[in-house]
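Below is one structure, written out as structure tokens; comments come after it.
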Amino acid sequence: MKKGIAERRSWWRRAGRFLGYHAGEAIVWFFMIGVAVFEIAPISWLFSTSLVEPAHSFDLPPKFFPTAFHWENYLAVLNSTEIDFVRFFWNSLRVAATVTGAQLLTCSMAGFAFARLRFPGRAPLFFLFLASMMVPFQVVMIPTFIIIRVLGMMDTHWSLILPSATSAFGIFLMRQQFMTLPEELMEAARMDGASFLRVYAQILLPLVGPGLSALAVLTFLASWNSFMAPLLFIRTWERFTLPLALVQLKGYMGMGNRAHVLAGVMMSVFPLMVLFLLAQRHILQGISTTGLKY
Amino acid sequence: MVKRGKSGVAARGKLESILARTRLSGFQETLAGYVFTAPALMTVSLFMLLPILSSFVLVFMEYDILTPPRWAGLSNITRLFGDRRMMVTYWNTFRFALGATFLNNLLGLLLAMGVNRAMPRVLKYLLRTALFFPAMTTVSSLALVWHFILTLDRGIMNYLLQQIGLPAVPWLTSQRWALPSLIMFDVWRACGYLMILYLAGLQGIPKILYEAAMIDGANRWQLRRYVTLPQITPTAFFCITISLINAFQLFDNAWVLTEGGPHDASRLVVLYVYEVAFRRFEMGYASAVSLSLFALVVGVTLLQFWGARKWVHYD
Amino acid sequence: MSIKAQENRRVSRREFLRGLTVAGSAVALTACKPEVVKETVVVEKAVTATPAPREPITIIATSQMPLDIFHGSLERAKDLLPGVDLEVNQIILTGQHGWSYYADVVLTQIAGGEQLDVLMIAIEGMPLLASKNVFRDLDPIIAKDPDASALVEDVHPTLRAMLQYHGKQMELPFSWNNMVMHYNTKMFEEKGIAPPQRDWTWDDFLNISKQIANVKGTADDLYAYSFWGRGMYPMNAWLYLNGTGVFTDDWQDSNLLDPKVTQTIEWMADLILKHKVSPNPVGWDDRAQFHNGHMAMRSGGSWFIGEAMKDGFETYDVQWMPRRSGKLRSIAGTDGWGITSVSEHPDEAWQCVKLLGGREASLDMVKLGGNIPALRSVAMTPEFLDVGPANKSIFYDEELLSATGTVPSPPNVSIVEPLLDRYWIEIWSGERNIKEALRAAHEELQAEMDAIKPWSR
């Protein structure tokens with residue numbers, strides 16, 4: 001039987017939608033892969049160059065994939081008499097982990113208070129925190145130095161941990177997260193006689209898991225990579241953190257071997273990568289696998 | 001928005017607000033408020049507010065670090081108005097902040113939405129790690145890499161451009177391209193960071209909303225327009241505010257990549273503050289400049305919060 | 001980072017007391033008076049033999065040099081200075097921002113009241129710190145000490161003069177650097193070019209560069225030479241070779257309007273823009289490109305030898321830089337050890353200075369392929385002469401030292417160096433007409449120099 005006009009039109013429409021859908025998909029994938037390549041290319045160059053014989057570090061055309069495998073560059077860094085890699089790694093880990101733990105606690109508590117509790121001075125106080133984020137480090141560097149000295153924390157890891165025990169960024173983030181939760185949850189719990197502490201700890205906190213994971217990752221990162229503060233406050237060699245020690249690879253007047261420096265950089269990034277892969281699972285919680293695409 | 005047993009909740013709410021008016025419960029909430037913010041407040045007071053207050057005082061002083069400060073009255077403030085170089089840095093900072101914030105947030109959101117789709121687990125992990133990787137490295141280590149990429153002669157970027165027949169671009173050495181290079185470097189580093197934040201926001205959107213909308217017959221585009229976008233606005237507000245604040249205060253990237261060159265083309269305000277504070281040893285004037293920046297950022301953020309009422313949807 | 005001679009650190013008591021007393025005045029931060037003594041009061045003790053004090057005195061020494069240079073010195077300190085607990089720190093120079101940054105950290109530490117007894121800084125930063133009374137005058141101390149004169153005599157007067165401020169000796173010279181031309185011997189051989197002679201001229205240099213360079217925008221591009229394009233030290237090196245400089249001879253005024261300056265800068269810019277034998281220096285990695293054969297020549301000091309050693313690069317030699325007019329000159333900078341005015345134990349600090357700046361310490365440094373030693377006797381030893389290229393002896397050349405110009409280091413160097421850098425960068429990109437750029441630079445520079453005249457004389 002011959003197809004009616006309506007049916008033929010709908011065939012076109014379906015074909016159009018089919019093409020449009022797949023073209024759209026293609027664009028999205030192209031875009032994502034493209035950006036991913038752009039992001040990763042310098043890093044893969046860094047990795048490949050760290051494996052190359054030092055004399056060839058800056059050859060063109062650039063190698064984005066390792067062609068040589070001079071793992072001895074990495075060994076040279078690990079065995080370097082100038083750097084006790086494991087110790088500095090451990091120092092950085094300790095400081096970063098403590099800072100992250102402290103921030104998760106203080107920021108979620110304060111974020112909860114700003115989002116869900118009413119108390120006089122709430123708005124100005126929140127803004128005060130926010131404002132503290134807006135002053136550049138260079139200006140407060142010297143007063144901070146003096147305060148640390150006065151507190152007797154100079155040259156200890158506490159000088160790195162305590163000033164970062166909280167962050168306006170974290171408080172802001174957690175506030176936004178708590179504000180997306182329905183108010184009824186807390187009201188219901190309060191009606192049932194729960195204290196604020198219980199509401200916070202047992203009811204609301206578990207619901208902002210993704211936010212906490214994101215904060216944890218970003219805080220850990222910031223602490224691990226921080227350079228200026230350890231430079232100012234730490235003097236004893238044994239207490240150095242990793243990025244600071246890596247600068248040592250560059251040596252006096254920049255004498256460090258390029259390939260070795262890059263190997264050191266790769267090694268310092270590796271644990272962050274592991275952390276990130278692990279944390280991803282938490283951020284992933286709740287992902288639906290039914291194929292819903294939005 | 002799916003509404004639960006309305007009458008029950010409303011009745012409870014009413015009771016709650018009656019209770020709240022009683023002094024005991026109100027007092028409890030106030031106390032809780034202070035107790036919960038106490039640890040953060042103590043830290044911030046000691047390590048942030050105190051130094052900031054002292055820099056407020058320094059504005060009226062002449063202080064070169066080694067000799068005691070001398071009273072300078074308003075001279076630092078009047079100097080602000082005639083400082084041509086500072087005006088240039090503000091202009092640069094504006095352009096940078098707008099460009100970088102826009103690109104970072106746009107890319108961050110799009111990437112988060114893309115990565116949030118259903119795809120094999122491994123691919124998802126790989127993609128996210130690849131996109132986030134640059135944010136995990138230290139800026140100073142990357143300087144070496146990016147110098148080699150952007151250098152005019154024998155740089156990777158120009159080499160690739162010349163291979164496909166395009167002329168070499170003076171990325172770091174011309175007035176025209178220095179700021180865009182800075183934006184490029186910043187976006188390269190930061191969009192993965194924002195992607196993570198948007199991802200957390202996307203994960204927080206209740207599935208129920210999507211299901212309900214689909215039941216009502218929404219297609220994919222409508223899902224995005226009417227569910228995802230409104231629901232992501234709190235996260236977007238946060239991300240945009242944070243990006244702007246950071247962009248206005250950027251130091252590391254600019255210092256390491258161009259040091260403000262060539263000749264102030266990419267000099268951001270904080271680089272100028274650094275120069276005044278640690279090259280000229282004029283801590284008083286440096287405090288004045290940073291406080292002007294501070295005032296600007298506070299103003300911009302206040303505007304953001306005010307505007308938030310218009311476009312941010314909380315439940 | 002730091003290492004110590006003796007294990008027991010007994011500073012806790014002092015810090016505790018300080019903490020107690022200062023804790024109460026935390027609010028008065030801005031009025032916090034740093035413990036800088038303006039006029040040093042050197043107590044004239046008739047010291048014949050230092051009796052070992054009951055509690056070892058901690059002396060803290062800070063430099064930018066890697067600590068492995070000082071392992072030997074610390075061992076010797078244990079034996080020779082029993083009453084002293086010597087600790088050596090390093091402030092790491094971050095790349096090109098070296099000396100200003102170093103000075104920043106030192107000043108921050110002093111402002112914060114940190115103990116700092118013995119300090120090393122190169123001449124580039126010395127007037128800056130000296131003008132802020134960070135250093136003690138060493139002349140009276142040297143006069144009292146019989147050992148010291150022998151040490152001081154071993155140092156060339158030019159080097160000694162470099163570390164004086166307003167005629168007073170601020171530091172005891174330890175090492176120094178000049179600028180020579182490093183060239184790739186293999187490349188020269190392959191192209192049949194004779195190695196440069198001691199008195200080669202700019203024309204010779206240009207001819208050689210044109211013969212070598214091969215720049216087409218491909219992966220195999222070969223550049224003849226790259227100059228740093230910024231910084232007091234390298235820029236003035238070329239200017240000196242034309243008998244001129246950025247400043248007038250007394251470092252008080254700008255000399256940028258001198259036609260010879262314009263001539264020099266134009267010649268340098270032509271290397272990049274006209275003859276295309278040099279790359280634009282911004283972002284260009286000198287060391288890497290030289291060591292992997294993409295560049296034939298580069299100019300720098302003897303620390304390049306350490307770099308070559310680490311990179312396993314051996315096919316190079318050194319020669320004096322080519323000159324244009326006037327007699328053969330070089331530019332040099334020195335670093336040395338000084339005693340801070342905040343130090344509470346100047347006598348012990350002086351003992352440490354002699355140790356850390358003495359012959360053994362110098363030999364330690366030389367073996368690691370670093371700077372040129374300030375001590376003449378060490379510069380003649382095989383430990384120095386056998387490390388590095390064949391022509392190493394040109395580094396310490398008595399005749400030339402007398403004619404060597406000091407790298408200009410006015411007390412506001414941390415302001416004027418970046419100022420000039422801003423203009424140089426524009427010139428190398430061809431973005432700005434050279435005469436116009438120099439005129440604008442002169443105006444800014446002269447204004448800065450005028451600003452410090454009241455107290456710099």
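Residue numbering restarts at 1 for every chain of the structure tokens, chains are lettered A, B, ... in their displayed order, and ligands are numbered from 1 as they appear.
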Chain C residues near chain B within 6 Å, closest pair each, using only C-alpha atoms, as CSV:
```
residue,atom,partner,partner_atom,distance
C:Lys33,CA,B:Pro68,CA,5.5
C:Ala111,CA,B:Leu66,CA,5.9
C:Pro279,CA,B:Asp153,CA,5.8
C:Gly283,CA,B:His147,CA,4.9
C:Ser414,CA,B:Arg279,CA,4.9
C:Ile415,CA,B:Arg279,CA,5.5
C:Arg422,CA,B:His263,CA,4.4
C:Ile425,CA,B:Pro262,CA,5.9
```
Taking N, CA and C atoms for each residue, export the selection above as an mmCIF file, in the first residue's frame.
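So the final result, stored in again.cif, reads:
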```
data_model
loop_
_atom_site.group_PDB
_atom_site.id
_atom_site.type_symbol
_atom_site.label_atom_id
_atom_site.label_comp_id
_atom_site.auth_asym_id
_atom_site.auth_seq_id
_atom_site.Cartn_x
_atom_site.Cartn_y
_atom_site.Cartn_z
ATOM 1 N N LYS C 33 58.702 47.396 66.355
ATOM 2 C CA LYS C 33 60.001 47.875 65.916
ATOM 3 C C LYS C 33 60.918 46.689 65.687
ATOM 4 N N ALA C 111 62.874 41.546 59.385
ATOM 5 C CA ALA C 111 61.714 42.289 59.896
ATOM 6 C C ALA C 111 60.945 41.471 60.907
ATOM 7 N N PRO C 279 67.630 34.266 18.314
ATOM 8 C CA PRO C 279 66.190 34.195 18.530
ATOM 9 C C PRO C 279 65.747 35.318 19.465
ATOM 10 N N GLY C 283 61.352 33.669 26.736
ATOM 11 C CA GLY C 283 60.910 32.283 26.748
ATOM 12 C C GLY C 283 61.935 31.319 26.162
ATOM 13 N N SER C 414 66.590 46.908 42.682
ATOM 14 C CA SER C 414 65.381 46.106 42.530
ATOM 15 C C SER C 414 64.276 46.889 41.839
ATOM 16 N N ILE C 415 64.455 48.212 41.720
ATOM 17 C CA ILE C 415 63.489 49.005 40.969
ATOM 18 C C ILE C 415 63.975 49.193 39.537
ATOM 19 N N ARG C 422 61.706 46.052 31.131
ATOM 20 C CA ARG C 422 60.467 46.313 30.407
ATOM 21 C C ARG C 422 60.749 46.912 29.046
ATOM 22 N N ILE C 425 62.610 44.359 26.479
ATOM 23 C CA ILE C 425 61.736 43.362 25.873
ATOM 24 C C ILE C 425 60.992 43.925 24.670
#
```
* **Those of region 269-326 of chain C in DSSP helix (DSSP H, G or I), formatted as number ranges by chain** => C: 269-273, 286-291, 303-311
Limited to N, CA, C and O atoms, could you put the picked residues into a file as a PDB file, in the first residue's frame?
```pdb
ATOM      1  N   ALA C 269      69.835  44.389  18.493  1.00  0.00           N
ATOM      2  CA  ALA C 269      68.497  44.119  17.967  1.00  0.00           C
ATOM      3  C   ALA C 269      68.597  43.593  16.539  1.00  0.00           C
ATOM      4  O   ALA C 269      67.801  42.743  16.122  1.00  0.00           O
ATOM      5  N   ASP C 270      69.605  44.098  15.780  1.00  0.00           N
ATOM      6  CA  ASP C 270      69.763  43.615  14.407  1.00  0.00           C
ATOM      7  C   ASP C 270      70.050  42.127  14.370  1.00  0.00           C
ATOM      8  O   ASP C 270      69.658  41.445  13.421  1.00  0.00           O
ATOM      9  N   LEU C 271      70.741  41.639  15.390  1.00  0.00           N
ATOM     10  CA  LEU C 271      71.028  40.208  15.416  1.00  0.00           C
ATOM     11  C   LEU C 271      69.743  39.390  15.341  1.00  0.00           C
ATOM     12  O   LEU C 271      69.687  38.325  14.742  1.00  0.00           O
ATOM     13  N   ILE C 272      68.711  39.941  15.989  1.00  0.00           N
ATOM     14  CA  ILE C 272      67.445  39.214  16.000  1.00  0.00           C
ATOM     15  C   ILE C 272      66.624  39.535  14.772  1.00  0.00           C
ATOM     16  O   ILE C 272      66.104  38.662  14.089  1.00  0.00           O
ATOM     17  N   LEU C 273      66.484  40.849  14.530  1.00  0.00           N
ATOM     18  CA  LEU C 273      65.485  41.258  13.556  1.00  0.00           C
ATOM     19  C   LEU C 273      66.018  41.313  12.130  1.00  0.00           C
ATOM     20  O   LEU C 273      65.291  41.056  11.192  1.00  0.00           O
ATOM     21  N   ASP C 286      68.153  29.135  26.911  1.00  0.00           N
ATOM     22  CA  ASP C 286      69.562  29.166  26.523  1.00  0.00           C
ATOM     23  C   ASP C 286      70.282  27.844  26.688  1.00  0.00           C
ATOM     24  O   ASP C 286      70.907  27.308  25.800  1.00  0.00           O
ATOM     25  N   ARG C 287      70.229  27.388  27.910  1.00  0.00           N
ATOM     26  CA  ARG C 287      71.022  26.234  28.294  1.00  0.00           C
ATOM     27  C   ARG C 287      70.632  25.006  27.503  1.00  0.00           C
ATOM     28  O   ARG C 287      71.473  24.306  26.955  1.00  0.00           O
ATOM     29  N   ALA C 288      69.326  24.732  27.437  1.00  0.00           N
ATOM     30  CA  ALA C 288      68.890  23.516  26.757  1.00  0.00           C
ATOM     31  C   ALA C 288      69.259  23.573  25.284  1.00  0.00           C
ATOM     32  O   ALA C 288      69.726  22.598  24.708  1.00  0.00           O
ATOM     33  N   GLN C 289      69.043  24.714  24.667  1.00  0.00           N
ATOM     34  CA  GLN C 289      69.304  24.805  23.240  1.00  0.00           C
ATOM     35  C   GLN C 289      70.780  24.730  22.925  1.00  0.00           C
ATOM     36  O   GLN C 289      71.182  24.200  21.894  1.00  0.00           O
ATOM     37  N   PHE C 290      71.597  25.259  23.826  1.00  0.00           N
ATOM     38  CA  PHE C 290      73.040  25.197  23.605  1.00  0.00           C
ATOM     39  C   PHE C 290      73.511  23.768  23.737  1.00  0.00           C
ATOM     40  O   PHE C 290      74.324  23.284  22.937  1.00  0.00           O
ATOM     41  N   HIS C 291      73.016  23.075  24.748  1.00  0.00           N
ATOM     42  CA  HIS C 291      73.492  21.731  25.008  1.00  0.00           C
ATOM     43  C   HIS C 291      72.952  20.696  24.037  1.00  0.00           C
ATOM     44  O   HIS C 291      73.487  19.600  23.956  1.00  0.00           O
ATOM     45  N   TRP C 303      79.563  29.542  35.988  1.00  0.00           N
ATOM     46  CA  TRP C 303      78.596  28.572  36.493  1.00  0.00           C
ATOM     47  C   TRP C 303      78.007  27.730  35.366  1.00  0.00           C
ATOM     48  O   TRP C 303      77.432  26.685  35.603  1.00  0.00           O
ATOM     49  N   PHE C 304      78.211  28.204  34.113  1.00  0.00           N
ATOM     50  CA  PHE C 304      77.777  27.400  32.975  1.00  0.00           C
ATOM     51  C   PHE C 304      78.496  26.057  32.957  1.00  0.00           C
ATOM     52  O   PHE C 304      77.990  25.072  32.418  1.00  0.00           O
ATOM     53  N   ILE C 305      79.703  26.040  33.557  1.00  0.00           N
ATOM     54  CA  ILE C 305      80.477  24.803  33.543  1.00  0.00           C
ATOM     55  C   ILE C 305      79.764  23.729  34.347  1.00  0.00           C
ATOM     56  O   ILE C 305      79.658  22.573  33.920  1.00  0.00           O
ATOM     57  N   GLY C 306      79.247  24.138  35.506  1.00  0.00           N
ATOM     58  CA  GLY C 306      78.480  23.188  36.316  1.00  0.00           C
ATOM     59  C   GLY C 306      77.278  22.654  35.546  1.00  0.00           C
ATOM     60  O   GLY C 306      76.948  21.468  35.603  1.00  0.00           O
ATOM     61  N   GLU C 307      76.630  23.539  34.799  1.00  0.00           N
ATOM     62  CA  GLU C 307      75.458  23.113  34.022  1.00  0.00           C
ATOM     63  C   GLU C 307      75.868  22.091  32.961  1.00  0.00           C
ATOM     64  O   GLU C 307      75.197  21.081  32.756  1.00  0.00           O
ATOM     65  N   ALA C 308      76.970  22.393  32.283  1.00  0.00           N
ATOM     66  CA  ALA C 308      77.423  21.481  31.237  1.00  0.00           C
ATOM     67  C   ALA C 308      77.777  20.128  31.830  1.00  0.00           C
ATOM     68  O   ALA C 308      77.480  19.082  31.255  1.00  0.00           O
ATOM     69  N   MET C 309      78.389  20.172  33.017  1.00  0.00           N
ATOM     70  CA  MET C 309      78.753  18.913  33.665  1.00  0.00           C
ATOM     71  C   MET C 309      77.506  18.085  33.944  1.00  0.00           C
ATOM     72  O   MET C 309      77.459  16.889  33.675  1.00  0.00           O
ATOM     73  N   LYS C 310      76.481  18.733  34.461  1.00  0.00           N
ATOM     74  CA  LYS C 310      75.269  17.980  34.807  1.00  0.00           C
ATOM     75  C   LYS C 310      74.577  17.451  33.560  1.00  0.00           C
ATOM     76  O   LYS C 310      73.922  16.427  33.586  1.00  0.00           O
ATOM     77  N   ASP C 311      74.700  18.169  32.448  1.00  0.00           N
ATOM     78  CA  ASP C 311      74.032  17.723  31.234  1.00  0.00           C
ATOM     79  C   ASP C 311      74.920  16.850  30.381  1.00  0.00           C
ATOM     80  O   ASP C 311      74.531  16.447  29.294  1.00  0.00           O
TER      81      ASP C 311
END
```
* **Contact residues around region 40-46 of chain A with only C-alpha atoms at 9 Å, ignoring same-chain residues under 3 positions, as JSON, numbers by chain** => {"A": [35, 36, 37, 49, 50, 51, 62, 63, 64, 65, 66, 259, 262, 263, 265, 266], "B": [130, 131, 132, 133, 134, 142, 145, 146, 149]}
* When distances are computed from only C-alpha atoms, which of B:Met42, B:Leu111, B:Ile245, B:Met283 shows the smallest separation from Leu296 (chain B)? -> B:Ile245
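Closest approach to Leu197 (chain A) among A:Trp11, A:Trp29, A:Phe112, A:Phe127 is made by A:Phe112 (distances from only C-alpha atoms).
CA of Ile193 (chain C) is positioned 21.6 Å from CA of Lys216 (chain C).
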Enumerate, as a tab-separated table (two decimals) with N, CA, C and O atoms, in the first residue's frame, the complete set of residues in region 3-136 of chain B that a backbone-based DSSP assignment places in strand (DSSP E).
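Output (part11.tsv):
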```
chain	number	residue	atom	x	y	z
B	61	MET	N	50.78	54.94	56.43
B	61	MET	CA	52.17	55.00	56.89
B	61	MET	C	53.13	54.86	55.73
B	61	MET	O	52.76	54.42	54.65
B	62	GLU	N	54.36	55.20	56.02
B	62	GLU	CA	55.45	54.88	55.11
B	62	GLU	C	56.27	53.82	55.81
B	62	GLU	O	56.78	54.06	56.90
B	70	ARG	N	56.55	55.31	59.50
B	70	ARG	CA	56.37	56.73	59.78
B	70	ARG	C	55.01	57.16	59.28
B	70	ARG	O	54.54	56.68	58.26
B	71	TRP	N	54.43	58.10	59.95
B	71	TRP	CA	53.11	58.57	59.56
B	71	TRP	C	53.18	59.28	58.21
B	71	TRP	O	54.04	60.09	57.98
```
* Give me the residues within 12 Å of Thr248 (chain C) as a PyMOL selection string, counting only C-alpha atoms and dropping any in the same chain fewer than 3 places off. => chain C and resi 236+239-240+243-245+251-258+261+408+410+446+449
* **Contact residues (chain B, partner chain A, 6 Å, only C-alpha atoms) as number ranges by chain** => B: 30, 33, 36-37, 40, 47, 51, 117-118, 130-131, 138, 200, 294, 314
* Interatomic distance (Å, one decimal) between CA of Tyr274 (chain B) and CA of Ile52 (chain B) ->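 Answer for the CA of Tyr274 (chain B) to CA of Ile52 (chain B) separation: 16.0 Å.
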* Find the spatial neighbours of His156 (chain C), counting only C-alpha atoms, within a cut-off of 8 Å - ignore same-chain residues fewer than 2 positions away - and output them as number ranges by chain. => C: 153-154, 158-160, 374-376, 401
